[in-house]
There are 2 protein chains.
Amino acid sequence: MTSSRPRLPTLEDVARSAGVSRATVSRVVNGTRNVDPEIQRIVQEAVAATGYVPNRAARSLVTRRTDSVALVFSVPDHHTANDPFLGRVFSDPFFGRIVGGLLTVLRPRGVHPVLMLADSEDARHELVANLRQEHIDGVVLVSIAPGDSLPFLLTEAGLPTVLFARPTTPLPISFVDIAQQAGARQAADRLVERGCRRIATISGPFDSPAGQDRLAGFRNAMAEHGQPYVPSTEGGFTQEGGEHAMRELLRDHPDTDGVFVANDLMALGALHVLRDLGRQVPDDVAVVGFDDSSAATASRPLLTTVRQPVEDMAAEMARLLMALIDDAAQQTRSVIFKTTLVVRQSA
Amino acid sequence: MTSSRPRLPTLEDVARSAGVSRATVSRVVNGTRNVDPEIQRIVQEAVAATGYVPNRAARSLVTRRTDSVALVFSVPDHHTANDPFLGRVFSDPFFGRIVGGLLTVLRPRGVHPVLMLADSEDARHELVANLRQEHIDGVVLVSIAPGDSLPFLLTEAGLPTVLFARPTTPLPISFVDIAQQAGARQAADRLVERGCRRIATISGPFDSPAGQDRLAGFRNAMAEHGQPYVPSTEGGFTQEGGEHAMRELLRDHPDTDGVFVANDLMALGALHVLRDLGRQVPDDVAVVGFDDSSAATASRPLLTTVRQPVEDMAAEMARLLMALIDDAAQQTRSVIFKTTLVVRQSA
DNA sequence: ATTGTCCGGGAGAGCGCTCTCCTACGTGGT
DNA sequence: ACCACGTAGGAGAGCGCTCTCCCGGACAAT
C-alpha cells in the first residue's frame, strides 16, 4: 500500500511558510553567508514544520557534486557472483572491514558509498564513463585484479581516486598500504625470539606486490638474524595452497621448527597439516600468520599473526579522498600503516 | 593533476551534432516511442562521437527516480565500527554474500546499491527522512537489531522495502527467508540416519526468530523420530558461546553422540571443545551446523551443515524490490527458500 | 550632508533532463 | 476530393535547487 508519493515540501514551500525568499532558506539550510539570527530561527522552525529535506538530485544538478563516492572492487575478468572466485572475494571478511572503516569517516560528512563491481574490461570502461558523468565525486578502489587497468583509466579521467594497496605499476595516484617488509620482519623477530632455528616461509603469489614484499622482507630480516637461506614455497594465498605448501615444506625440510605464512588463510591450512602430521604447535613448529583476519581466531591453536589495520586504512582512504575532492589541485599522497604483531598461541 | 572538469557533453550537444531536437535524442537514448531507424542511427553516432552519458541528477530531478537503492544494515544502538560488536557484523562474510547476490540482479538493471548503516534510533529516523526525500527508490534491509523499529518506520513511510528474514513482529512488508524448521529437520534426519541415539542441540538466542525456529524445528523432527526430549543449551550464535555450550552439554549428558548446532560459528567452537576432550568427530560425536558459512570449510573435520542460499536470497530480494518500485500498488510478498544439507566430514 | 562600504536579503537565471503538448505529414475510408 | 486518424518530430515548460547579481539600509569616514 505505498501511498503514491504525496509531493514533498520544497524550498519554495519553506520559504512561503517562513515569509522569506527561497535564497534565504537555502542560506540557512546550507549555513552559507550571514543570516540574521532571528530569521534563522524562523526558517528553522518552518523547516521543521514542513518536514523539509533537501532534494539531492536538484542540488547535485547545480553543484555538480553528489556527496556519494564509489566503492569499486576490481576483480579479474569473467567472474560472476556465483563463481567460486568472486564468491570468495565477497565472502572475505576483509570486504566488510573496509566498508566499516570507510563509514566512520564518510557518514559524519553525509557522504554515501555506492557499491560497484568491475569484473571485465567492458565493465571497467563503462564504469569510468559513468563516473565521469559527474554523478559520483570520487572513487575508493580495491583492486585484486592483476594488471588492472582501472588505476590508469581513473587517473587519466582525472577522477579523484584512492587505492587500497600500492598499484602494480607506478602511477600518480594516492593510496594507502602497510609497511609489508616491516611486518614480515616482526614475524621473523618473533620466531627467532622464540628460539626457532630452522625457519621457513610459505609465501603469497609472486605477481602480487604483497606476496613479493612479505617474502623479501622476511628474507632480509632473517639474513640480519644470521640465517642466509630461508626455504620457501608458494601457497597462492588460499587455504588449500597453504596446506599443500606446508606438506611440501615438511617433506623437504623435516626439521623445520618455525614458519612464517604470508596470510592467515594459508596459515589455517598449514596448522591443519601440522596437526595431521602430529607436530605440536608452537612447541615443535611455531607458526606466524599475516593479516589478523577472522581465520586467526577460528583456528586452534589461536594464530599469532601480523595485524593489518584494515579499518584504519579504509578510514584514511576516505580522508584522503575527501581532501582530494575538496581540492582537486591537491598532490597525490600515500599513507603507509605500521603493522603490529598479535601474539596468541601459535608462536 | 585533476583536469578541472571540462564540461561534459549534454543532450543539447548531441542534438546539435545530430541535427535533431533534444527530445528526439532523449527518445533514442531511452528507447521510448517510435523513432525513424535512420534518425536513430544518426543519433547513436552522435552519442558515440560526443561521448555522451546521461546526467543522472538531471534525470532524477524530473523522473523522481534515482536508480539506486539503499542497502541498510540495522544494528543495535551505540555500536560504532570500532566496537567489537559491529566489527563482527561487518567482518562476517555473510555481508559480502548479500552484496554479491544483490548485484547479480541490480547491475544488469543499472541500479546501484548505496550502503547505509542504522546504529541508533536517531540514525533510523534520519535514514527514513533521507530516503523519503525520494533520492532513493527502495530499501533492502538487513536487520540484526532485536526489536528494530526500522521495518515499521519504513512501512509507515510507504517506502518500497524488502527484508532479509521475517520481521520479529508481523508487518505488511515483503521479505525473504529460509524454511528454518525444515532446515533443522534435515539436520535431525542426518544425525538419526547416521545412527546417533543420544542427540542434543546447541541453540541460538531465544529472542531471534531464527534461533527459535531452528530449535522448534529440530525438536519436532526429533519427536517424530521417537526422541521426545532433546537436551539443549543456548550458545548466543558466537564461537565462544558454542564452546561453552558444548562443554556444558557434555558435562550434563556425557553420552551424547550427536549434536545439531544452530549456526556454523558455534559449531566451530563446539568442534574445538570436542577435540580438546578427546572425542572423535564424527565417530564419537557427530556434529551438524547451520548456514554453510566460511567457518564450515575452515574447520577440521570439515563441517556438515545446513546450507542457507544467501546469494540466491539476496538476488530474490532485489527482484522483489524492483517489482515493488515499478508497481507501488503491488502486494507485499514473501519468498521462502529451501535449505540443503551439505554433507562433509563432521556428520 | 555626502560618499563609500558593508551586509542582509530578494530576484531570477539556469543546471540537464523528461514529457506533454502541438504541428506537419502521410494514409485510408467514404 | 474531403476529412479523420495515426505517427514522427519539435517546442518549451518545468523538476528543485544554488548562486550570481543587485538593491536597500545601516553605519563610518570625510
# chains A, B, ... in the order shown; residues from 1 in each chain; ligands from 1
>>> residues_around(residues="segment 166-182 of chain B", least_positions_apart="2", cutoff="9 Å", atoms="only C-alpha atoms (C1' of nucleotides)", output="short mmCIF file (atom, residue, chain, number, x, y, z; two decimals) with N, CA and C atoms, in the first residue's frame")
data_model
loop_
_atom_site.label_atom_id
_atom_site.label_comp_id
_atom_site.auth_asym_id
_atom_site.auth_seq_id
_atom_site.Cartn_x
_atom_site.Cartn_y
_atom_site.Cartn_z
N MET A 1 0.83 -1.22 0.00
CA MET A 1 0.00 0.00 0.00
C MET A 1 0.86 1.27 0.00
N SER B 143 18.37 -6.59 9.10
CA SER B 143 18.32 -6.12 10.48
C SER B 143 18.80 -7.19 11.44
N PRO B 146 17.55 -6.52 17.65
CA PRO B 146 16.29 -7.05 18.19
C PRO B 146 15.29 -5.92 18.41
N GLY B 147 14.05 -6.16 18.01
CA GLY B 147 13.03 -5.14 18.20
C GLY B 147 13.27 -3.89 17.39
N ASP B 148 13.92 -4.07 16.25
CA ASP B 148 14.25 -2.95 15.38
C ASP B 148 12.99 -2.18 14.96
N PRO B 151 11.76 -1.61 10.29
CA PRO B 151 10.74 -2.22 9.44
C PRO B 151 9.42 -1.45 9.55
N PHE B 152 9.07 -1.09 10.77
CA PHE B 152 7.84 -0.33 10.96
C PHE B 152 7.93 1.07 10.35
N THR B 155 7.75 0.96 6.55
CA THR B 155 6.41 0.63 6.08
C THR B 155 5.52 1.86 6.18
N PRO B 160 9.19 1.46 -0.59
CA PRO B 160 9.37 0.09 -1.05
C PRO B 160 10.52 -0.57 -0.28
N THR B 161 10.21 -1.62 0.43
CA THR B 161 11.23 -2.25 1.28
C THR B 161 11.14 -3.76 1.21
N VAL B 162 12.29 -4.41 1.25
CA VAL B 162 12.33 -5.86 1.35
C VAL B 162 13.27 -6.22 2.49
N LEU B 163 12.82 -7.12 3.33
CA LEU B 163 13.61 -7.54 4.48
C LEU B 163 14.33 -8.85 4.22
N PHE B 164 15.49 -8.97 4.86
CA PHE B 164 16.14 -10.26 4.92
C PHE B 164 15.68 -10.89 6.22
N ALA B 184 16.24 -27.43 10.03
CA ALA B 184 16.59 -28.13 11.27
C ALA B 184 16.24 -29.61 11.13
N ARG B 185 15.15 -29.88 10.43
CA ARG B 185 14.74 -31.27 10.21
C ARG B 185 15.78 -32.03 9.39
N GLN B 186 16.36 -31.35 8.41
CA GLN B 186 17.40 -32.01 7.62
C GLN B 186 18.57 -32.44 8.50
N ALA B 187 18.89 -31.55 9.45
CA ALA B 187 19.97 -31.88 10.38
C ALA B 187 19.59 -33.09 11.23
N ASP B 207 15.56 -14.79 21.54
CA ASP B 207 14.86 -13.59 21.06
C ASP B 207 15.03 -13.40 19.55
N SER B 208 15.71 -14.33 18.90
CA SER B 208 15.81 -14.23 17.45
C SER B 208 14.91 -15.28 16.81
N PRO B 209 14.14 -14.87 15.81
CA PRO B 209 13.24 -15.81 15.13
C PRO B 209 13.99 -17.04 14.64
N ALA B 210 15.20 -16.82 14.08
CA ALA B 210 15.96 -17.94 13.57
C ALA B 210 16.31 -18.91 14.70
N ASP B 213 13.06 -20.80 15.70
CA ASP B 213 12.57 -21.73 14.69
C ASP B 213 13.44 -22.96 14.53
N ARG B 214 14.74 -22.74 14.55
CA ARG B 214 15.63 -23.89 14.37
C ARG B 214 15.49 -24.87 15.54
N LEU B 215 15.36 -24.31 16.72
CA LEU B 215 15.20 -25.17 17.89
C LEU B 215 13.87 -25.92 17.82
N ALA B 216 12.81 -25.19 17.54
CA ALA B 216 11.48 -25.82 17.46
C ALA B 216 11.45 -26.89 16.38
N GLY B 217 12.01 -26.53 15.21
CA GLY B 217 12.01 -27.47 14.10
C GLY B 217 12.78 -28.73 14.44
N PHE B 218 13.90 -28.55 15.11
CA PHE B 218 14.72 -29.71 15.46
C PHE B 218 13.99 -30.60 16.46
N ASN B 220 10.75 -30.85 16.94
CA ASN B 220 9.63 -31.52 16.26
C ASN B 220 10.11 -32.74 15.49
N ALA B 221 11.18 -32.52 14.73
CA ALA B 221 11.70 -33.60 13.91
C ALA B 221 12.16 -34.76 14.77
N GLN B 308 22.35 -22.31 3.72
CA GLN B 308 21.40 -21.23 3.54
C GLN B 308 21.83 -20.51 2.27
N PRO B 309 20.98 -20.47 1.26
CA PRO B 309 21.41 -19.92 -0.03
C PRO B 309 21.38 -18.39 -0.03
N MET B 313 19.02 -15.70 -2.04
CA MET B 313 18.04 -14.94 -1.28
C MET B 313 18.20 -13.45 -1.55
N ALA B 314 19.44 -13.01 -1.57
CA ALA B 314 19.70 -11.60 -1.82
C ALA B 314 19.24 -11.21 -3.22
N GLU B 316 16.87 -12.56 -4.87
CA GLU B 316 15.41 -12.51 -4.85
C GLU B 316 14.92 -11.22 -4.19
N MET B 317 15.63 -10.79 -3.16
CA MET B 317 15.27 -9.53 -2.52
C MET B 317 15.31 -8.41 -3.55
N LEU B 320 12.30 -8.72 -5.86
CA LEU B 320 11.08 -8.26 -5.18
C LEU B 320 11.05 -6.74 -5.09
N LEU B 321 12.18 -6.18 -4.76
CA LEU B 321 12.23 -4.73 -4.59
C LEU B 321 11.99 -4.01 -5.91
N GLN B 331 1.19 -6.07 -4.14
CA GLN B 331 1.07 -6.76 -2.86
C GLN B 331 2.46 -6.98 -2.24
N THR B 332 2.52 -6.96 -0.93
CA THR B 332 3.78 -7.38 -0.31
C THR B 332 3.85 -8.90 -0.44
N ARG B 333 5.07 -9.40 -0.60
CA ARG B 333 5.23 -10.84 -0.81
C ARG B 333 6.37 -11.39 0.03
N SER B 334 6.30 -12.68 0.29
CA SER B 334 7.42 -13.32 0.96
C SER B 334 7.86 -14.50 0.13
N VAL B 335 9.15 -14.75 0.13
CA VAL B 335 9.68 -15.90 -0.58
C VAL B 335 10.52 -16.71 0.40
N ILE B 336 10.15 -17.97 0.54
CA ILE B 336 10.87 -18.82 1.48
C ILE B 336 11.73 -19.80 0.71
N PHE B 337 13.00 -19.82 1.03
CA PHE B 337 13.93 -20.71 0.34
C PHE B 337 14.13 -22.01 1.10
N LYS B 338 14.38 -23.03 0.31
CA LYS B 338 14.69 -24.32 0.92
C LYS B 338 16.17 -24.38 1.24
N THR B 339 16.48 -25.02 2.34
CA THR B 339 17.88 -25.23 2.67
C THR B 339 18.31 -26.57 2.10
#
>>> select_by_dssp(residues="segment 46-289 of chain A", states="strand (DSSP E)", output="ChimeraX atom specification")
/A:68-74,112-118,138-143,161-164,174-178,199-203,232-234,258-261,286-289
>>> interface_residues(of="chain B", to="chain D", cutoff="7 Å", atoms="only C-alpha atoms (C1' of nucleotides)", output="list in words")
Ser21, Thr24, Val35, Leu61 and Val62 of chain B
>>> write_last_selection(atoms="C-alpha atoms", output="mmCIF file, in the first residue's frame")
data_model
loop_
_atom_site.group_PDB
_atom_site.id
_atom_site.type_symbol
_atom_site.label_atom_id
_atom_site.label_comp_id
_atom_site.auth_asym_id
_atom_site.auth_seq_id
_atom_site.Cartn_x
_atom_site.Cartn_y
_atom_site.Cartn_z
ATOM 1 C CA SER B 21 15.926 18.189 -31.323
ATOM 2 C CA THR B 24 14.432 13.146 -30.222
ATOM 3 C CA VAL B 35 11.803 6.960 -33.964
ATOM 4 C CA LEU B 61 15.072 15.502 -10.858
ATOM 5 C CA VAL B 62 12.317 15.022 -13.358
#
>>> closest_atom_pairs(of="segment 39-123 of chain A", to="segment 2-19 of chain C", cutoff="12 Å", atoms="only C-alpha atoms (C1' of nucleotides)", output="JSON lines")
{"residue": "A:Ile39", "atom": "CA", "partner": "C:DG8", "partner_atom": "C1'", "distance": 10.4}
{"residue": "A:Gln40", "atom": "CA", "partner": "C:DG8", "partner_atom": "C1'", "distance": 11.8}
{"residue": "A:Ala57", "atom": "CA", "partner": "C:DC15", "partner_atom": "C1'", "distance": 10.7}
{"residue": "A:Ala58", "atom": "CA", "partner": "C:DC15", "partner_atom": "C1'", "distance": 8.5}
{"residue": "A:Arg59", "atom": "CA", "partner": "C:DC15", "partner_atom": "C1'", "distance": 9.1}
{"residue": "A:Ser60", "atom": "CA", "partner": "C:DC15", "partner_atom": "C1'", "distance": 8.7}
{"residue": "A:Leu61", "atom": "CA", "partner": "C:DC15", "partner_atom": "C1'", "distance": 5.2}
{"residue": "A:Val62", "atom": "CA", "partner": "C:DC15", "partner_atom": "C1'", "distance": 4.6}
{"residue": "A:Thr63", "atom": "CA", "partner": "C:DC15", "partner_atom": "C1'", "distance": 8.1}
{"residue": "A:Arg64", "atom": "CA", "partner": "C:DC15", "partner_atom": "C1'", "distance": 8.5}
{"residue": "A:Arg65", "atom": "CA", "partner": "C:DC15", "partner_atom": "C1'", "distance": 11.7}
>>> select_by_dssp(residues="segment 222-275 of chain A", states="alpha helix (DSSP H)", output="VMD selection string")
chain A and resid 222 to 224 239 to 252 264 to 275
>>> write_last_selection(atoms="N, CA and C atoms", output="short mmCIF file (atom, residue, chain, number, x, y, z; two decimals), in the first residue's frame")
data_model
loop_
_atom_site.label_atom_id
_atom_site.label_comp_id
_atom_site.auth_asym_id
_atom_site.auth_seq_id
_atom_site.Cartn_x
_atom_site.Cartn_y
_atom_site.Cartn_z
N MET A 222 65.64 -12.26 8.16
CA MET A 222 66.30 -13.49 8.57
C MET A 222 67.80 -13.42 8.30
N ALA A 223 68.15 -12.77 7.21
CA ALA A 223 69.57 -12.60 6.90
C ALA A 223 70.24 -11.82 8.02
N GLU A 224 69.54 -10.78 8.48
CA GLU A 224 70.10 -9.99 9.56
C GLU A 224 70.20 -10.80 10.85
N GLN A 239 43.67 -21.36 1.40
CA GLN A 239 43.81 -22.35 2.46
C GLN A 239 44.39 -23.65 1.92
N GLU A 240 43.88 -24.09 0.79
CA GLU A 240 44.36 -25.33 0.18
C GLU A 240 45.83 -25.18 -0.20
N GLY A 241 46.15 -24.00 -0.77
CA GLY A 241 47.53 -23.74 -1.13
C GLY A 241 48.44 -23.82 0.07
N GLY A 242 47.94 -23.32 1.19
CA GLY A 242 48.72 -23.34 2.43
C GLY A 242 48.98 -24.75 2.90
N GLU A 243 47.96 -25.58 2.79
CA GLU A 243 48.11 -26.99 3.19
C GLU A 243 49.18 -27.66 2.34
N HIS A 244 49.02 -27.46 1.07
CA HIS A 244 49.94 -28.10 0.13
C HIS A 244 51.37 -27.64 0.37
N ALA A 245 51.53 -26.34 0.55
CA ALA A 245 52.86 -25.78 0.75
C ALA A 245 53.49 -26.32 2.04
N MET A 246 52.68 -26.42 3.08
CA MET A 246 53.19 -26.90 4.37
C MET A 246 53.68 -28.34 4.24
N ARG A 247 52.91 -29.13 3.53
CA ARG A 247 53.27 -30.53 3.34
C ARG A 247 54.60 -30.64 2.60
N GLU A 248 54.71 -29.82 1.57
CA GLU A 248 55.91 -29.82 0.75
C GLU A 248 57.13 -29.40 1.57
N LEU A 249 56.92 -28.36 2.35
CA LEU A 249 57.99 -27.82 3.18
C LEU A 249 58.50 -28.86 4.16
N LEU A 250 57.57 -29.58 4.78
CA LEU A 250 57.96 -30.57 5.78
C LEU A 250 58.64 -31.77 5.13
N ARG A 251 58.22 -32.06 3.92
CA ARG A 251 58.84 -33.17 3.21
C ARG A 251 60.30 -32.84 2.90
N ASP A 252 60.52 -31.62 2.39
CA ASP A 252 61.88 -31.22 2.01
C ASP A 252 62.74 -30.79 3.19
N ASP A 264 46.75 -15.35 6.74
CA ASP A 264 46.13 -16.21 7.75
C ASP A 264 45.43 -17.42 7.15
N LEU A 265 44.87 -17.22 5.98
CA LEU A 265 44.13 -18.30 5.34
C LEU A 265 45.06 -19.49 5.08
N MET A 266 46.24 -19.19 4.53
CA MET A 266 47.22 -20.24 4.30
C MET A 266 47.70 -20.82 5.63
N ALA A 267 47.81 -19.95 6.64
CA ALA A 267 48.26 -20.41 7.95
C ALA A 267 47.28 -21.42 8.53
N LEU A 268 46.01 -21.16 8.30
CA LEU A 268 44.97 -22.08 8.76
C LEU A 268 45.20 -23.46 8.15
N GLY A 269 45.45 -23.46 6.86
CA GLY A 269 45.74 -24.72 6.18
C GLY A 269 46.99 -25.38 6.74
N ALA A 270 48.00 -24.58 6.97
CA ALA A 270 49.26 -25.10 7.49
C ALA A 270 49.06 -25.75 8.86
N LEU A 271 48.27 -25.10 9.71
CA LEU A 271 48.02 -25.64 11.05
C LEU A 271 47.35 -27.01 10.97
N HIS A 272 46.42 -27.15 10.05
CA HIS A 272 45.74 -28.43 9.90
C HIS A 272 46.72 -29.53 9.52
N VAL A 273 47.61 -29.21 8.60
CA VAL A 273 48.59 -30.20 8.17
C VAL A 273 49.52 -30.58 9.32
N LEU A 274 49.95 -29.57 10.06
CA LEU A 274 50.86 -29.83 11.19
C LEU A 274 50.19 -30.75 12.20
N ARG A 275 48.91 -30.52 12.45
CA ARG A 275 48.24 -31.38 13.42
C ARG A 275 48.12 -32.80 12.87
#
>>> residues_around(residues="Phe73 of chain A", least_positions_apart="5", cutoff="10 Å", atoms="only C-alpha atoms (C1' of nucleotides)", output="mmCIF file with N, CA and C atoms, in the first residue's frame")
data_model
loop_
_atom_site.group_PDB
_atom_site.id
_atom_site.type_symbol
_atom_site.label_atom_id
_atom_site.label_comp_id
_atom_site.auth_asym_id
_atom_site.auth_seq_id
_atom_site.Cartn_x
_atom_site.Cartn_y
_atom_site.Cartn_z
ATOM 1 N N VAL A 89 35.816 -13.629 -2.932
ATOM 2 C CA VAL A 89 36.164 -12.227 -2.722
ATOM 3 C C VAL A 89 35.159 -11.556 -1.804
ATOM 4 N N PHE A 90 33.906 -11.728 -2.165
ATOM 5 C CA PHE A 90 32.887 -11.021 -1.422
ATOM 6 C C PHE A 90 32.619 -11.655 -0.075
ATOM 7 N N PHE A 95 36.281 -7.485 3.108
ATOM 8 C CA PHE A 95 35.344 -6.610 2.423
ATOM 9 C C PHE A 95 34.551 -5.768 3.415
ATOM 10 N N LEU A 115 28.235 0.942 -4.032
ATOM 11 C CA LEU A 115 28.991 -0.250 -4.367
ATOM 12 C C LEU A 115 29.059 -0.495 -5.858
ATOM 13 N N MET A 116 30.233 -0.759 -6.350
ATOM 14 C CA MET A 116 30.350 -1.093 -7.757
ATOM 15 C C MET A 116 31.341 -2.224 -7.938
ATOM 16 N N LEU A 117 31.157 -2.934 -9.029
ATOM 17 C CA LEU A 117 31.972 -4.089 -9.283
ATOM 18 C C LEU A 117 32.494 -3.991 -10.698
ATOM 19 N N ALA A 118 33.780 -4.112 -10.858
ATOM 20 C CA ALA A 118 34.363 -4.091 -12.196
ATOM 21 C C ALA A 118 34.929 -5.468 -12.460
ATOM 22 N N ASP A 119 34.226 -6.258 -13.261
ATOM 23 C CA ASP A 119 34.652 -7.634 -13.448
ATOM 24 C C ASP A 119 34.924 -7.986 -14.903
ATOM 25 N N VAL A 140 36.922 4.998 -4.341
ATOM 26 C CA VAL A 140 37.779 4.179 -3.497
ATOM 27 C C VAL A 140 37.933 2.860 -4.234
ATOM 28 N N LEU A 141 39.141 2.549 -4.612
ATOM 29 C CA LEU A 141 39.347 1.366 -5.436
ATOM 30 C C LEU A 141 40.113 0.270 -4.711
ATOM 31 N N VAL A 142 39.480 -0.883 -4.639
ATOM 32 C CA VAL A 142 40.154 -2.051 -4.100
ATOM 33 C C VAL A 142 40.324 -3.014 -5.263
ATOM 34 N N SER A 143 41.541 -3.180 -5.674
ATOM 35 C CA SER A 143 41.780 -3.990 -6.858
ATOM 36 C C SER A 143 42.482 -5.281 -6.505
ATOM 37 N N ILE A 144 41.897 -6.382 -6.948
ATOM 38 C CA ILE A 144 42.592 -7.646 -6.762
ATOM 39 C C ILE A 144 42.783 -8.306 -8.114
ATOM 40 N N ALA A 145 42.664 -7.482 -9.154
ATOM 41 C CA ALA A 145 42.892 -7.999 -10.498
ATOM 42 C C ALA A 145 44.322 -7.684 -10.895
#
>>> closest_residue(among="A:Ala298, A:Val261, A:Val14, A:Val75", to="Val28 of chain A", atoms="only C-alpha atoms")
A:Val14
>>> residues_around(residues="Arg132 of chain B", least_positions_apart="5", cutoff="10 Å", atoms="only C-alpha atoms (C1' of nucleotides)", output="PyMOL selection string")
(chain A and resi 5+8+53+55) or (chain B and resi 126-127+137-138+154+157-159)
>>> write_last_selection(atoms="C-alpha atoms", output="PDB file, in the first residue's frame")
ATOM      1  CA  ARG A   5       4.170   9.975  -3.136  1.00  0.00           C
ATOM      2  CA  LEU A   8       7.274  16.520  -0.638  1.00  0.00           C
ATOM      3  CA  VAL A  53      14.627  17.669   3.465  1.00  0.00           C
ATOM      4  CA  ASN A  55      16.347  17.095  -2.735  1.00  0.00           C
TER       5      ASN A  55
ATOM      6  CA  GLU B 126      17.272  10.341   9.902  1.00  0.00           C
ATOM      7  CA  LEU B 127      17.563   7.490   7.481  1.00  0.00           C
ATOM      8  CA  ASP B 137      13.990   4.214  -4.846  1.00  0.00           C
ATOM      9  CA  GLY B 138      13.805   1.446  -2.316  1.00  0.00           C
ATOM     10  CA  LEU B 154       9.821   2.206   6.540  1.00  0.00           C
ATOM     11  CA  ALA B 157       6.717   5.974   5.276  1.00  0.00           C
ATOM     12  CA  GLY B 158       5.428   3.946   2.352  1.00  0.00           C
ATOM     13  CA  LEU B 159       8.902   3.158   1.114  1.00  0.00           C
TER      14      LEU B 159
END
>>> decode(residues="segment 28-48 of chain A", atoms="N, CA and C atoms", output="compact mmCIF listing (two decimals), in the first residue's frame")
# COMPACT_ATOMS: atom_id res chain seq x y z
N VAL A 28 20.19 29.40 4.99
CA VAL A 28 20.06 28.84 6.34
C VAL A 28 20.35 27.34 6.32
N VAL A 29 19.73 26.67 5.37
CA VAL A 29 19.90 25.22 5.29
C VAL A 29 21.37 24.84 5.10
N ASN A 30 22.05 25.61 4.26
CA ASN A 30 23.43 25.26 3.97
C ASN A 30 24.44 25.99 4.84
N GLY A 31 23.96 26.91 5.66
CA GLY A 31 24.87 27.61 6.55
C GLY A 31 25.86 28.49 5.83
N THR A 32 25.50 29.02 4.68
CA THR A 32 26.41 29.91 3.96
C THR A 32 26.06 31.36 4.26
N ARG A 33 27.01 32.20 4.20
CA ARG A 33 26.86 33.65 4.42
C ARG A 33 26.19 33.97 5.76
N ASN A 34 26.04 35.23 6.01
CA ASN A 34 25.42 35.64 7.27
C ASN A 34 23.92 35.80 7.10
N VAL A 35 23.23 35.26 8.03
CA VAL A 35 21.78 35.43 8.04
C VAL A 35 21.39 35.88 9.44
N ASP A 36 20.52 36.82 9.52
CA ASP A 36 20.03 37.34 10.80
C ASP A 36 19.57 36.19 11.69
N PRO A 37 20.07 36.14 12.92
CA PRO A 37 19.74 35.03 13.83
C PRO A 37 18.24 34.83 13.98
N GLU A 38 17.51 35.91 14.03
CA GLU A 38 16.06 35.82 14.19
C GLU A 38 15.44 35.12 12.98
N ILE A 39 15.87 35.53 11.81
CA ILE A 39 15.36 34.90 10.59
C ILE A 39 15.80 33.44 10.53
N GLN A 40 17.00 33.19 10.96
CA GLN A 40 17.47 31.80 11.01
C GLN A 40 16.51 30.93 11.79
N ARG A 41 16.13 31.47 12.95
CA ARG A 41 15.25 30.73 13.82
C ARG A 41 13.91 30.45 13.12
N ILE A 42 13.36 31.51 12.53
CA ILE A 42 12.08 31.38 11.85
C ILE A 42 12.15 30.32 10.75
N VAL A 43 13.23 30.40 9.98
CA VAL A 43 13.39 29.44 8.88
C VAL A 43 13.51 28.02 9.42
N GLN A 44 14.31 27.87 10.47
CA GLN A 44 14.48 26.53 11.02
C GLN A 44 13.16 25.95 11.50
N GLU A 45 12.35 26.81 12.08
CA GLU A 45 11.03 26.34 12.52
C GLU A 45 10.18 25.93 11.34
N ALA A 46 10.27 26.73 10.29
CA ALA A 46 9.49 26.41 9.09
C ALA A 46 9.96 25.08 8.49
N VAL A 47 11.26 24.87 8.52
CA VAL A 47 11.81 23.61 8.01
C VAL A 47 11.23 22.45 8.81
N ALA A 48 11.28 22.60 10.12
CA ALA A 48 10.77 21.53 10.99
C ALA A 48 9.28 21.32 10.76
